[in-house]
Every structure is written in C-alpha cells, then in structure tokens.
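Okay, structure first, notes after.
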Amino acid sequence: MKLMIKIFIVFLSVLAIAFYFLRDNIFPEATTSEVATDKFETLAQLPHDVQESSGIEVMPGDGNYITHNDAGNQPYLYEINGKGKLVKTHKMKLPNVDWEDLARDNNDNLYISDTGNNDNKRNDFAIYKVSFSNLKKPEAIRFTYEDQKGKTSKKDKNSFDCEALFWNNGNLYLVTKDRNGSDEAKVYQLTDKPGKQKARKIGVVKMKEAVTGATVSPDASMVALLSEERIHLFQNVASPDKFFKGKAREISITGAGQTEGITFKDNQTLILTSEGGSLFRYTL
C-alpha cells in the first residue's frame, strides 16, 4: 500500500512539472479578439484599373493614396484620392514578377515589394526604392533569404512567400506568408540601402492566418498585420523590430473580402484595400 502511495505521489509530481512547462501550449494566453462595427467603413470602390490591389501607401502632401495590382499585371502605380477616384497612373519601368506590398520611409521614399513566391520557385527577390518626387528613377534592393538553402525542401514547400513589408529607422521588415503547416509567419530584416543583401531572420509570429500586408504607425508604437478579413494589431511595442514578442489584438472585418493592402494614415487611422476591390477605413 505504501508503495502505491509513493508511486502515486511521484506520478502527481511528474504531472505537475509537465503542466508547468507545457501550460502555454495547453492554455495559450488569450489574444484579444473583437468584431469591428462602427469603427470600420467602406470609403469607396477602387477604380476599374485596380482590380487586384495588393498594397497601399499614403502619398506625401495632398493625402492621396498609391496602390498597385498583383502579379500578372502591368508594373503601374495608381494614385487615387480618398473617394477612390483615379488621379494618375505612374508607369514604372520595372518588372512586376509579383508585386505584393508598399512601404514608405520618413524621407518620402516609396518601397515596392516584389516578393511574391506562390509556387516557391524564386530564390531572388527585389524591393524597389524610389522617391515620390521622382518616380521615374527607382533603385533596386536585391536579396535572398539567409535560410533558403539552394533547392527548397519538401518541409519548406510553401515557405519564402512574402506579401507584407514595412519600414522603420533605416530598415525594411518582411513578414512571410508561410503555408507549411507551422502556424507561424517569419520576420526578416534588411537595410533600406540599394544593392545586394541577405534577408536576416529575426523572429516569428505565431498565427494560423496567412499574412497579406503589414504597416507601422507614424509614431512607431504599433505594427499591424493583415490577413483575410482580419487585422492583427500589436500595440505599445517597445520597438517595431521586436513587435512579434507581443500579443496581437485581433479585429474581425467580416465582409471586407480578400484584404491585401494596409497602411496607417495617421496614428489613429488604418486604410485598407481588398482584391476585387474596395477602399476601407478602420478608426482605432
């Protein structure tokens, strides 16, 4: 009898230790989730020319927006106003292998992310840097991922596809759209200097949804990731390059469709687009 009691005590001790170390997986910390109501609104339908909006940014000065289409379309940037009207088409002398997102720095430079990789056949990627004051003179940041070694393995069959880009403090951050069953998005860092680089992996974001866009607030206190009909908002971040260490506030935007583009208009306002395609606003 005493032996059975001892065995039972040992069993409970082992169980308690296992629960302590695995508790986060058994009962993960809840992510704040909410449904957008009056804070989310449709501003306009996008112009007919913009059928597959994949990225959006705020233009300097007049408050217009700039967007673009996905792969298989012309390498054009479309300037639209707040009512979704086409103001100007900027015909870029660049390839559009698979343009996926836009970012902007503090010196009024625009970054065009040619980083889509749906079939996972690419191992050379580009981000084009161009001044808003002279969109005819882009420079290329060409890069490879530091952990993409030669021929992609079966494990990484759906890795190294990226649709999300943001800029902060001289660096560019890429968030992948991995679909390899890992339930995580990888975060990579590059400098914003034209030339050849290796994208350095700096972290992962635990999430089941495929990331389709990213942006950082003007005061750098928030990073927002976008997936289909959902905003993942990381608030009060110590630094944007460590945003993935926090927990996201998840905002459901049901009915928005295939949401692809997202940017902060200001510290309290997000602007979004969808393929198909509409212009939306979410007020924090």
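Letters A, B, ... mark the chains of the structure tokens in the order given; residue numbers begin at 1 per chain; ligand numbers begin at 1, in order shown.
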Q: Quick one: everything within 9 Å of Gly82 in chain A, counting only C-alpha atoms, minus sequence neighbours fewer than 2 positions away in the same chain. Send it as a ChimeraX atom specification.
A: /A:43-44,63-65,80,84-85,279
Q.
Report as a ChimeraX atom specification all protein, DNA and RNA residues lying within 8 Å of Asn117 in chain A, evaluated on only C-alpha atoms, omitting residues in the same chain fewer than 4 positions from it.
A. /A:98,121-122,160-162
Would you output that residue set with N, CA and C atoms, as a PDB file, in the first residue's frame?
```pdb
ATOM      1  N   ASP A  98       5.988  39.705 -59.095  1.00  0.00           N
ATOM      2  CA  ASP A  98       4.867  39.520 -58.176  1.00  0.00           C
ATOM      3  C   ASP A  98       4.916  40.604 -57.104  1.00  0.00           C
ATOM      4  N   LYS A 121       9.258  28.968 -56.470  1.00  0.00           N
ATOM      5  CA  LYS A 121      10.306  28.720 -57.458  1.00  0.00           C
ATOM      6  C   LYS A 121      11.354  29.835 -57.468  1.00  0.00           C
ATOM      7  N   ARG A 122      11.094  30.900 -56.701  1.00  0.00           N
ATOM      8  CA  ARG A 122      12.021  32.033 -56.704  1.00  0.00           C
ATOM      9  C   ARG A 122      13.046  31.919 -55.581  1.00  0.00           C
ATOM     10  N   PHE A 160       8.878  31.060 -47.784  1.00  0.00           N
ATOM     11  CA  PHE A 160       9.585  32.094 -48.554  1.00  0.00           C
ATOM     12  C   PHE A 160       8.674  32.790 -49.569  1.00  0.00           C
ATOM     13  N   ASP A 161       7.405  32.899 -49.197  1.00  0.00           N
ATOM     14  CA  ASP A 161       6.445  33.710 -49.936  1.00  0.00           C
ATOM     15  C   ASP A 161       6.112  34.887 -49.033  1.00  0.00           C
ATOM     16  N   CYS A 162       6.236  36.099 -49.549  1.00  0.00           N
ATOM     17  CA  CYS A 162       6.064  37.277 -48.689  1.00  0.00           C
ATOM     18  C   CYS A 162       5.156  38.305 -49.347  1.00  0.00           C
TER      19      CYS A 162
END
```
Q.
Would you pick out the contacts of Ile253 in chain A at 7 Å or less, using only C-alpha atoms, so that residues sharing its chain but fewer than 2 positions from it are not included, and give the list as a list in words?
A. Val35, Ala36, Glu229, Arg230, Ile251, Gly255 and Ala256 of chain A
Output file for the residues above (all heavy atoms, as a PDB file, in the first residue's frame):
```pdb
ATOM      1  N   VAL A  35     -14.948  42.278 -32.940  1.00  0.00           N
ATOM      2  CA  VAL A  35     -15.557  42.450 -34.255  1.00  0.00           C
ATOM      3  C   VAL A  35     -15.715  43.935 -34.516  1.00  0.00           C
ATOM      4  O   VAL A  35     -16.270  44.664 -33.693  1.00  0.00           O
ATOM      5  CB  VAL A  35     -16.933  41.755 -34.329  1.00  0.00           C
ATOM      6  CG1 VAL A  35     -17.579  41.998 -35.683  1.00  0.00           C
ATOM      7  CG2 VAL A  35     -16.783  40.263 -34.070  1.00  0.00           C
ATOM      8  N   ALA A  36     -15.175  44.398 -35.641  1.00  0.00           N
ATOM      9  CA  ALA A  36     -15.283  45.811 -35.988  1.00  0.00           C
ATOM     10  C   ALA A  36     -16.732  46.144 -36.321  1.00  0.00           C
ATOM     11  O   ALA A  36     -17.400  45.423 -37.051  1.00  0.00           O
ATOM     12  CB  ALA A  36     -14.387  46.121 -37.181  1.00  0.00           C
ATOM     13  N   GLU A 229      -9.794  39.405 -44.057  1.00  0.00           N
ATOM     14  CA  GLU A 229     -10.864  39.892 -43.187  1.00  0.00           C
ATOM     15  C   GLU A 229     -10.478  39.943 -41.704  1.00  0.00           C
ATOM     16  O   GLU A 229     -11.315  39.777 -40.822  1.00  0.00           O
ATOM     17  CB  GLU A 229     -12.142  39.052 -43.372  1.00  0.00           C
ATOM     18  CG  GLU A 229     -12.704  39.140 -44.784  1.00  0.00           C
ATOM     19  CD  GLU A 229     -14.080  38.524 -44.935  1.00  0.00           C
ATOM     20  OE1 GLU A 229     -14.419  37.639 -44.128  1.00  0.00           O
ATOM     21  OE2 GLU A 229     -14.806  38.922 -45.855  1.00  0.00           O
ATOM     22  N   ARG A 230      -9.194  40.210 -41.455  1.00  0.00           N
ATOM     23  CA  ARG A 230      -8.759  40.308 -40.058  1.00  0.00           C
ATOM     24  C   ARG A 230      -7.513  41.196 -39.938  1.00  0.00           C
ATOM     25  O   ARG A 230      -6.580  41.075 -40.723  1.00  0.00           O
ATOM     26  CB  ARG A 230      -8.468  38.925 -39.476  1.00  0.00           C
ATOM     27  CG  ARG A 230      -8.214  38.909 -37.971  1.00  0.00           C
ATOM     28  CD  ARG A 230      -8.115  37.481 -37.461  1.00  0.00           C
ATOM     29  NE  ARG A 230      -9.401  36.814 -37.524  1.00  0.00           N
ATOM     30  CZ  ARG A 230     -10.306  36.812 -36.534  1.00  0.00           C
ATOM     31  NH1 ARG A 230     -10.030  37.431 -35.402  1.00  0.00           N
ATOM     32  NH2 ARG A 230     -11.445  36.178 -36.660  1.00  0.00           N
ATOM     33  N   ILE A 251      -8.829  41.987 -34.807  1.00  0.00           N
ATOM     34  CA  ILE A 251     -10.034  42.721 -35.170  1.00  0.00           C
ATOM     35  C   ILE A 251     -10.637  42.082 -36.414  1.00  0.00           C
ATOM     36  O   ILE A 251     -10.013  42.060 -37.485  1.00  0.00           O
ATOM     37  CB  ILE A 251      -9.710  44.203 -35.437  1.00  0.00           C
ATOM     38  CG1 ILE A 251      -9.012  44.827 -34.215  1.00  0.00           C
ATOM     39  CG2 ILE A 251     -10.960  44.972 -35.812  1.00  0.00           C
ATOM     40  CD1 ILE A 251      -8.232  46.085 -34.507  1.00  0.00           C
ATOM     41  N   GLY A 255     -16.736  40.496 -44.170  1.00  0.00           N
ATOM     42  CA  GLY A 255     -17.395  41.121 -45.308  1.00  0.00           C
ATOM     43  C   GLY A 255     -16.469  41.962 -46.158  1.00  0.00           C
ATOM     44  O   GLY A 255     -16.864  42.425 -47.236  1.00  0.00           O
ATOM     45  N   ALA A 256     -15.232  42.165 -45.687  1.00  0.00           N
ATOM     46  CA  ALA A 256     -14.286  43.001 -46.443  1.00  0.00           C
ATOM     47  C   ALA A 256     -13.702  42.268 -47.650  1.00  0.00           C
ATOM     48  O   ALA A 256     -13.126  42.893 -48.536  1.00  0.00           O
ATOM     49  CB  ALA A 256     -13.163  43.474 -45.528  1.00  0.00           C
TER      50      ALA A 256
END
```
Q: Could you tell me which of A:Lys177, A:His48, A:Lys245, A:Lys39 comes closest to Leu270 in chain A if we count only C-alpha atoms?
A: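 Using only C-alpha atoms, Leu270 in chain A sits closest to A:Lys39.
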(Q) Could you list, as a list in words, every residue within 7 Å of range 195-202 of chain A, counting only C-alpha atoms and ignoring same-chain residues fewer than 4 positions away? (A)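 In the requested form, the answer reads Ala140, Ile141, Arg142, Phe143, Thr144, Tyr145, Glu146, Val187, Tyr188, Gln189 and Leu190 of chain A.
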Same residues, all heavy atoms, output as an mmCIF file, in the first residue's frame:
```cif
data_model
loop_
_atom_site.group_PDB
_atom_site.id
_atom_site.type_symbol
_atom_site.label_atom_id
_atom_site.label_comp_id
_atom_site.auth_asym_id
_atom_site.auth_seq_id
_atom_site.Cartn_x
_atom_site.Cartn_y
_atom_site.Cartn_z
ATOM 1 N N ALA A 140 17.205 49.354 -56.980
ATOM 2 C CA ALA A 140 16.826 48.010 -56.548
ATOM 3 C C ALA A 140 17.591 47.556 -55.314
ATOM 4 O O ALA A 140 18.806 47.729 -55.214
ATOM 5 C CB ALA A 140 17.051 47.011 -57.677
ATOM 6 N N ILE A 141 16.856 46.983 -54.379
ATOM 7 C CA ILE A 141 17.434 46.232 -53.273
ATOM 8 C C ILE A 141 17.175 44.765 -53.605
ATOM 9 O O ILE A 141 16.037 44.302 -53.543
ATOM 10 C CB ILE A 141 16.766 46.598 -51.936
ATOM 11 C CG1 ILE A 141 16.932 48.089 -51.639
ATOM 12 C CG2 ILE A 141 17.331 45.749 -50.794
ATOM 13 C CD1 ILE A 141 16.056 48.594 -50.506
ATOM 14 N N ARG A 142 18.199 44.055 -54.000
ATOM 15 C CA ARG A 142 18.034 42.649 -54.391
ATOM 16 C C ARG A 142 18.526 41.774 -53.241
ATOM 17 O O ARG A 142 19.569 42.033 -52.653
ATOM 18 C CB ARG A 142 18.793 42.356 -55.680
ATOM 19 C CG ARG A 142 18.332 43.246 -56.837
ATOM 20 C CD ARG A 142 18.764 42.748 -58.199
ATOM 21 N NE ARG A 142 18.342 43.683 -59.234
ATOM 22 C CZ ARG A 142 17.128 43.710 -59.782
ATOM 23 N NH1 ARG A 142 16.225 42.817 -59.396
ATOM 24 N NH2 ARG A 142 16.821 44.599 -60.709
ATOM 25 N N PHE A 143 17.762 40.740 -52.946
ATOM 26 C CA PHE A 143 18.117 39.947 -51.767
ATOM 27 C C PHE A 143 17.705 38.488 -51.915
ATOM 28 O O PHE A 143 16.883 38.118 -52.752
ATOM 29 C CB PHE A 143 17.465 40.543 -50.519
ATOM 30 C CG PHE A 143 15.967 40.347 -50.438
ATOM 31 C CD1 PHE A 143 15.434 39.265 -49.754
ATOM 32 C CD2 PHE A 143 15.104 41.244 -51.046
ATOM 33 C CE1 PHE A 143 14.059 39.076 -49.676
ATOM 34 C CE2 PHE A 143 13.724 41.070 -50.968
ATOM 35 C CZ PHE A 143 13.202 39.982 -50.283
ATOM 36 N N THR A 144 18.311 37.677 -51.059
ATOM 37 C CA THR A 144 17.902 36.292 -50.847
ATOM 38 C C THR A 144 17.703 36.108 -49.349
ATOM 39 O O THR A 144 18.211 36.890 -48.541
ATOM 40 C CB THR A 144 18.970 35.298 -51.362
ATOM 41 O OG1 THR A 144 20.214 35.599 -50.726
ATOM 42 C CG2 THR A 144 19.146 35.410 -52.869
ATOM 43 N N TYR A 145 16.968 35.065 -48.977
ATOM 44 C CA TYR A 145 16.766 34.771 -47.564
ATOM 45 C C TYR A 145 17.946 33.952 -47.041
ATOM 46 O O TYR A 145 18.379 32.994 -47.680
ATOM 47 C CB TYR A 145 15.474 33.983 -47.365
ATOM 48 C CG TYR A 145 14.227 34.766 -47.701
ATOM 49 C CD1 TYR A 145 13.575 34.592 -48.922
ATOM 50 C CD2 TYR A 145 13.689 35.672 -46.800
ATOM 51 C CE1 TYR A 145 12.424 35.302 -49.236
ATOM 52 C CE2 TYR A 145 12.538 36.395 -47.098
ATOM 53 C CZ TYR A 145 11.907 36.196 -48.325
ATOM 54 O OH TYR A 145 10.772 36.908 -48.620
ATOM 55 N N GLU A 146 18.434 34.312 -45.877
ATOM 56 C CA GLU A 146 19.624 33.644 -45.347
ATOM 57 C C GLU A 146 19.406 32.154 -45.081
ATOM 58 O O GLU A 146 20.346 31.368 -45.107
ATOM 59 C CB GLU A 146 20.110 34.324 -44.064
ATOM 60 C CG GLU A 146 19.165 34.176 -42.892
ATOM 61 C CD GLU A 146 19.766 34.717 -41.594
ATOM 62 O OE1 GLU A 146 20.895 35.242 -41.642
ATOM 63 O OE2 GLU A 146 19.106 34.610 -40.543
ATOM 64 N N VAL A 187 9.757 36.633 -39.697
ATOM 65 C CA VAL A 187 10.069 38.059 -39.837
ATOM 66 C C VAL A 187 11.536 38.208 -40.212
ATOM 67 O O VAL A 187 12.422 37.660 -39.547
ATOM 68 C CB VAL A 187 9.788 38.825 -38.525
ATOM 69 C CG1 VAL A 187 10.017 40.324 -38.718
ATOM 70 C CG2 VAL A 187 8.362 38.558 -38.035
ATOM 71 N N TYR A 188 11.791 38.949 -41.296
ATOM 72 C CA TYR A 188 13.154 39.164 -41.793
ATOM 73 C C TYR A 188 13.462 40.662 -41.831
ATOM 74 O O TYR A 188 12.562 41.492 -41.968
ATOM 75 C CB TYR A 188 13.313 38.598 -43.208
ATOM 76 C CG TYR A 188 13.230 37.093 -43.300
ATOM 77 C CD1 TYR A 188 12.000 36.468 -43.450
ATOM 78 C CD2 TYR A 188 14.373 36.298 -43.242
ATOM 79 C CE1 TYR A 188 11.903 35.084 -43.539
ATOM 80 C CE2 TYR A 188 14.288 34.917 -43.336
ATOM 81 C CZ TYR A 188 13.057 34.313 -43.484
ATOM 82 O OH TYR A 188 12.972 32.954 -43.575
ATOM 83 N N GLN A 189 14.760 40.973 -41.756
ATOM 84 C CA GLN A 189 15.211 42.360 -41.752
ATOM 85 C C GLN A 189 16.245 42.600 -42.846
ATOM 86 O O GLN A 189 17.130 41.771 -43.075
ATOM 87 C CB GLN A 189 15.817 42.705 -40.395
ATOM 88 C CG GLN A 189 16.246 44.158 -40.242
ATOM 89 C CD GLN A 189 16.957 44.387 -38.911
ATOM 90 O OE1 GLN A 189 18.007 43.814 -38.648
ATOM 91 N NE2 GLN A 189 16.365 45.224 -38.073
ATOM 92 N N LEU A 190 16.108 43.737 -43.516
ATOM 93 C CA LEU A 190 17.077 44.234 -44.497
ATOM 94 C C LEU A 190 17.345 45.701 -44.187
ATOM 95 O O LEU A 190 16.544 46.361 -43.525
ATOM 96 C CB LEU A 190 16.505 44.162 -45.920
ATOM 97 C CG LEU A 190 16.135 42.813 -46.524
ATOM 98 C CD1 LEU A 190 15.212 43.037 -47.718
ATOM 99 C CD2 LEU A 190 17.385 42.080 -46.964
#
```
Q) What are the DSSP strand (DSSP E or B) residues of range 1-220 of chain A, as a PyMOL selection string? A) chain A and resi 33-35+40-45+53-58+65-69+76-80+86-91+99-104+109-114+125-131+134-145+162-168+171-176+184-191+195-206+213-216
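When only C-alpha atoms are used to measure the gap to Thr215 in chain A, the shortest distance among A:Gly203, A:Pro75, A:Pro95, A:Gly261 belongs to A:Gly261.
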Q. Can you list, as a ChimeraX atom specification, every protein, DNA or RNA residue that comes within 9 Å of Ala224 in chain A when you count only C-alpha atoms, leaving out same-chain residues fewer than 6 positions away?
A. /A:213-217,231-235,248,262-264,270
Atoms to include: C-alpha atoms. Write the selected residues as a PDB file, in the first residue's frame.
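Below is the file again02.pdb, written as the result:
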```pdb
ATOM      1  CA  GLY A 213       0.047  43.015 -45.611  1.00  0.00           C
ATOM      2  CA  ALA A 214       1.884  44.978 -42.918  1.00  0.00           C
ATOM      3  CA  THR A 215       2.338  48.539 -41.721  1.00  0.00           C
ATOM      4  CA  VAL A 216       3.778  50.528 -38.814  1.00  0.00           C
ATOM      5  CA  SER A 217       2.216  53.616 -37.212  1.00  0.00           C
ATOM      6  CA  ILE A 231      -6.388  42.933 -38.612  1.00  0.00           C
ATOM      7  CA  HIS A 232      -3.703  41.774 -36.161  1.00  0.00           C
ATOM      8  CA  LEU A 233      -2.714  44.873 -34.174  1.00  0.00           C
ATOM      9  CA  PHE A 234       0.402  44.889 -31.989  1.00  0.00           C
ATOM     10  CA  GLN A 235       0.146  47.926 -29.695  1.00  0.00           C
ATOM     11  CA  ALA A 248      -1.954  40.860 -31.063  1.00  0.00           C
ATOM     12  CA  ILE A 262      -2.974  48.125 -45.279  1.00  0.00           C
ATOM     13  CA  THR A 263      -1.339  51.369 -44.120  1.00  0.00           C
ATOM     14  CA  PHE A 264      -1.594  53.883 -41.290  1.00  0.00           C
ATOM     15  CA  LEU A 270      -5.839  52.481 -40.849  1.00  0.00           C
TER      16      LEU A 270
END
```
Q: Quote the spacing between CA of Asn168 in chain A and CA of Leu284 in chain A in Å to one decimal place.
A: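 Here the two named atoms are 21.1 Å from each other.
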Q: Pick out the residues sitting within 9 Å of Lys137 in chain A, and hand them over as JSON, numbers by chain; count only C-alpha atoms, and ignore anything fewer than 3 positions along from it in its own chain.
A: {"A": [92, 93, 129, 130, 131, 134]}
Q | For Thr42 in chain A: contacts at 8 Å, only C-alpha atoms, fewer than 3 positions along chain excluded, given as a PyMOL selection string | A | chain A and resi 278-281
